[in-house]
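Trainee: Sharing a structure with you now.
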Amino acid sequence: MRKTGLADTALCAAVDEMVRGLVDADLGGGVVKKRVPLPGRGKSGSTRTLVATNKGSRWFFLFGFEKNERGNVSGKELEALQAIADDLLKLSSRDLDAQAESGALQEICHDNQD
């Protein structure tokens, strides 16, 4: 998400919205689509993000793209993202901590803290 200029605060705000059920589309297999506004552009000029989630306590930003760059992901890409979501959502808290410590995953907000 770094190449798009999305700040951690924008991603955390998106998680807060998704926790309240505000997603743009449920793509199945633990993947949802959420628009996240880019700085100074609002949601109409936003980045589309695909998020792996259990719709509770786990939200993993998997992929982001601007609408002017591509319309959506292909069926094969969605299948791959759903497989990644399945793997991520199976990880224990200890596994997640280890992945974050190794740098494989980056935690951006936890309990509304940046």
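By convention here, the chains of the structure tokens are called A, B, ... in the order presented, each chain's residues are numbered starting at 1, and ligands are numbered starting at 1 in the order presented.
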For region 91-108 of chain A, find every residue with an atom within 8 Å (counting only C-alpha atoms), except residues of its own chain fewer than 4 positions away, and show them as an mmCIF file with all heavy atoms, in the first residue's frame.

Mentor:
data_model
loop_
_atom_site.group_PDB
_atom_site.id
_atom_site.type_symbol
_atom_site.label_atom_id
_atom_site.label_comp_id
_atom_site.auth_asym_id
_atom_site.auth_seq_id
_atom_site.Cartn_x
_atom_site.Cartn_y
_atom_site.Cartn_z
ATOM 1 N N ASP A 8 -0.977 4.944 7.219
ATOM 2 C CA ASP A 8 -1.501 3.979 8.182
ATOM 3 C C ASP A 8 -2.815 4.457 8.782
ATOM 4 O O ASP A 8 -3.726 3.668 9.009
ATOM 5 C CB ASP A 8 -0.486 3.725 9.302
ATOM 6 C CG ASP A 8 0.733 2.949 8.833
ATOM 7 O OD1 ASP A 8 0.753 2.493 7.666
ATOM 8 O OD2 ASP A 8 1.675 2.797 9.635
ATOM 9 N N LEU A 11 -5.662 3.584 6.533
ATOM 10 C CA LEU A 11 -5.946 2.149 6.569
ATOM 11 C C LEU A 11 -6.666 1.776 7.868
ATOM 12 O O LEU A 11 -7.623 0.999 7.852
ATOM 13 C CB LEU A 11 -4.664 1.345 6.399
ATOM 14 C CG LEU A 11 -3.960 1.528 5.049
ATOM 15 C CD1 LEU A 11 -2.615 0.813 5.049
ATOM 16 C CD2 LEU A 11 -4.831 1.045 3.903
ATOM 17 N N CYS A 12 -6.230 2.362 8.983
ATOM 18 C CA CYS A 12 -6.887 2.092 10.267
ATOM 19 C C CYS A 12 -8.322 2.611 10.267
ATOM 20 O O CYS A 12 -9.227 1.955 10.795
ATOM 21 C CB CYS A 12 -6.085 2.687 11.416
ATOM 22 S SG CYS A 12 -4.503 1.850 11.687
ATOM 23 N N ASP A 87 -4.926 -18.830 4.367
ATOM 24 C CA ASP A 87 -3.694 -19.085 5.123
ATOM 25 C C ASP A 87 -3.517 -18.077 6.263
ATOM 26 O O ASP A 87 -3.193 -18.458 7.386
ATOM 27 C CB ASP A 87 -2.465 -19.034 4.209
ATOM 28 C CG ASP A 87 -2.381 -20.217 3.263
ATOM 29 O OD1 ASP A 87 -3.057 -21.250 3.496
ATOM 30 O OD2 ASP A 87 -1.630 -20.110 2.276
ATOM 31 N N ASP A 114 -1.997 3.449 16.501
ATOM 32 C CA ASP A 114 -1.171 3.410 15.293
ATOM 33 C C ASP A 114 0.193 2.866 15.628
ATOM 34 O O ASP A 114 0.717 3.026 16.662
ATOM 35 C CB ASP A 114 -1.022 4.808 14.689
ATOM 36 C CG ASP A 114 -2.353 5.292 14.139
ATOM 37 O OD1 ASP A 114 -3.053 4.487 13.509
ATOM 38 O OD2 ASP A 114 -2.687 6.459 14.360
#

Trainee: Would you mind listing what lies within 7 Å of Leu62 (chain A) as a PyMOL selection string, with only C-alpha atoms counted and same-chain residues fewer than 2 positions away left out?

Mentor: chain A and resi 50-52+60

Trainee: Please return, as a ChimeraX atom specification, all residues of chain A that DSSP assigns to strand (DSSP E or B) on the basis of the backbone.

Mentor: /A:25-28,31-38,42-53,59-66,110,113

Trainee: Which residues, written as number ranges by chain, have at least one atom at most 12 Å from Leu22 (chain A), with only C-alpha atoms counted and residues fewer than 2 positions away on the same chain left out?

Mentor: A: 13-20, 24-26, 32-36, 55

Trainee: Those residues with all heavy atoms, as a compact mmCIF listing (two decimals), in the first residue's frame please?

Mentor:
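This is the output file again_16.txt:
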# COMPACT_ATOMS: atom_id res chain seq x y z
N ALA A 13 -8.54 3.76 9.66
CA ALA A 13 -9.90 4.30 9.55
C ALA A 13 -10.77 3.37 8.70
O ALA A 13 -11.95 3.16 9.01
CB ALA A 13 -9.88 5.70 8.95
N ALA A 14 -10.19 2.80 7.66
CA ALA A 14 -10.92 1.85 6.82
C ALA A 14 -11.30 0.61 7.62
O ALA A 14 -12.42 0.09 7.49
CB ALA A 14 -10.09 1.46 5.60
N VAL A 15 -10.39 0.13 8.47
CA VAL A 15 -10.71 -1.02 9.33
C VAL A 15 -11.86 -0.66 10.26
O VAL A 15 -12.80 -1.44 10.43
CB VAL A 15 -9.47 -1.50 10.12
CG1 VAL A 15 -9.87 -2.52 11.18
CG2 VAL A 15 -8.43 -2.09 9.18
N ASP A 16 -11.82 0.52 10.85
CA ASP A 16 -12.91 0.95 11.73
C ASP A 16 -14.25 0.91 11.00
O ASP A 16 -15.25 0.47 11.55
CB ASP A 16 -12.66 2.35 12.28
CG ASP A 16 -11.57 2.40 13.33
OD1 ASP A 16 -11.24 1.35 13.93
OD2 ASP A 16 -11.03 3.51 13.57
N GLU A 17 -14.26 1.36 9.75
CA GLU A 17 -15.49 1.34 8.95
C GLU A 17 -15.93 -0.10 8.66
O GLU A 17 -17.11 -0.44 8.75
CB GLU A 17 -15.30 2.10 7.64
CG GLU A 17 -15.21 3.59 7.80
CD GLU A 17 -15.03 4.32 6.48
OE1 GLU A 17 -15.06 3.67 5.41
OE2 GLU A 17 -14.87 5.55 6.52
N MET A 18 -14.96 -0.95 8.30
CA MET A 18 -15.30 -2.33 7.98
C MET A 18 -15.84 -3.08 9.19
O MET A 18 -16.75 -3.91 9.06
CB MET A 18 -14.10 -3.05 7.36
CG MET A 18 -13.77 -2.56 5.96
SD MET A 18 -12.46 -3.49 5.15
CE MET A 18 -11.00 -2.91 6.04
N VAL A 19 -15.30 -2.81 10.36
CA VAL A 19 -15.80 -3.42 11.60
C VAL A 19 -17.29 -3.12 11.76
O VAL A 19 -18.06 -3.95 12.22
CB VAL A 19 -14.98 -2.94 12.82
CG1 VAL A 19 -15.68 -3.28 14.13
CG2 VAL A 19 -13.58 -3.54 12.79
N ARG A 20 -17.70 -1.92 11.32
CA ARG A 20 -19.11 -1.51 11.40
C ARG A 20 -19.92 -2.00 10.20
O ARG A 20 -21.07 -1.61 10.03
CB ARG A 20 -19.20 0.00 11.52
CG ARG A 20 -18.66 0.50 12.86
CD ARG A 20 -18.70 2.00 12.98
NE ARG A 20 -17.71 2.54 12.04
CZ ARG A 20 -17.78 3.73 11.48
NH1 ARG A 20 -18.76 4.53 11.75
NH2 ARG A 20 -16.85 4.13 10.66
N ASP A 24 -17.33 -2.38 0.57
CA ASP A 24 -17.88 -2.11 -0.76
C ASP A 24 -18.37 -3.38 -1.43
O ASP A 24 -19.33 -3.34 -2.20
CB ASP A 24 -16.83 -1.40 -1.63
CG ASP A 24 -16.50 -0.03 -1.06
OD1 ASP A 24 -17.44 0.76 -0.85
OD2 ASP A 24 -15.32 0.24 -0.81
N ALA A 25 -17.72 -4.50 -1.16
CA ALA A 25 -18.16 -5.77 -1.72
C ALA A 25 -17.53 -6.91 -0.95
O ALA A 25 -16.37 -6.84 -0.57
CB ALA A 25 -17.78 -5.87 -3.19
N ASP A 26 -18.33 -7.96 -0.73
CA ASP A 26 -17.79 -9.20 -0.16
C ASP A 26 -17.52 -10.11 -1.34
O ASP A 26 -18.43 -10.51 -2.06
CB ASP A 26 -18.81 -9.82 0.80
CG ASP A 26 -18.27 -11.02 1.53
OD1 ASP A 26 -17.35 -11.69 1.01
OD2 ASP A 26 -18.75 -11.30 2.64
N VAL A 32 -12.75 -9.09 1.15
CA VAL A 32 -13.69 -7.99 0.88
C VAL A 32 -12.96 -6.88 0.15
O VAL A 32 -11.73 -6.77 0.21
CB VAL A 32 -14.33 -7.44 2.19
CG1 VAL A 32 -15.16 -8.50 2.88
CG2 VAL A 32 -13.29 -6.84 3.12
N LYS A 33 -13.75 -6.06 -0.54
CA LYS A 33 -13.20 -4.88 -1.22
C LYS A 33 -13.62 -3.65 -0.43
O LYS A 33 -14.77 -3.53 0.00
CB LYS A 33 -13.75 -4.77 -2.64
CG LYS A 33 -13.11 -3.61 -3.43
CD LYS A 33 -13.80 -3.31 -4.75
CE LYS A 33 -13.78 -4.45 -5.72
NZ LYS A 33 -14.32 -4.06 -7.04
N LYS A 34 -12.66 -2.74 -0.25
CA LYS A 34 -12.92 -1.50 0.48
C LYS A 34 -12.20 -0.36 -0.21
O LYS A 34 -11.00 -0.44 -0.47
CB LYS A 34 -12.43 -1.63 1.92
CG LYS A 34 -12.58 -0.38 2.76
CD LYS A 34 -14.02 -0.07 3.03
CE LYS A 34 -14.16 1.15 3.94
NZ LYS A 34 -15.52 1.66 3.92
N ARG A 35 -12.93 0.71 -0.51
CA ARG A 35 -12.30 1.92 -1.05
C ARG A 35 -11.70 2.71 0.09
O ARG A 35 -12.33 2.89 1.13
CB ARG A 35 -13.31 2.77 -1.81
CG ARG A 35 -13.74 2.15 -3.13
CD ARG A 35 -14.68 3.04 -3.85
NE ARG A 35 -15.90 3.18 -3.03
CZ ARG A 35 -16.90 3.98 -3.32
NH1 ARG A 35 -16.87 4.73 -4.38
NH2 ARG A 35 -17.95 4.05 -2.54
N VAL A 36 -10.48 3.19 -0.11
CA VAL A 36 -9.79 3.99 0.90
C VAL A 36 -9.37 5.28 0.22
O VAL A 36 -8.67 5.24 -0.81
CB VAL A 36 -8.57 3.25 1.48
CG1 VAL A 36 -7.86 4.10 2.52
CG2 VAL A 36 -8.98 1.89 2.07
N LYS A 55 -13.97 -10.81 9.60
CA LYS A 55 -15.01 -9.83 9.92
C LYS A 55 -15.16 -9.65 11.43
O LYS A 55 -16.23 -9.35 11.93
CB LYS A 55 -16.34 -10.20 9.27
CG LYS A 55 -16.28 -10.17 7.77
CD LYS A 55 -17.60 -10.47 7.15
CE LYS A 55 -17.45 -10.47 5.63
NZ LYS A 55 -18.66 -10.93 4.98

Trainee: Please report the interatomic distance between CA of Leu27 (chain A) and CA of Leu6 (chain A) in Å with one decimal.

Mentor: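 Those two atoms sit 22.1 Å apart.
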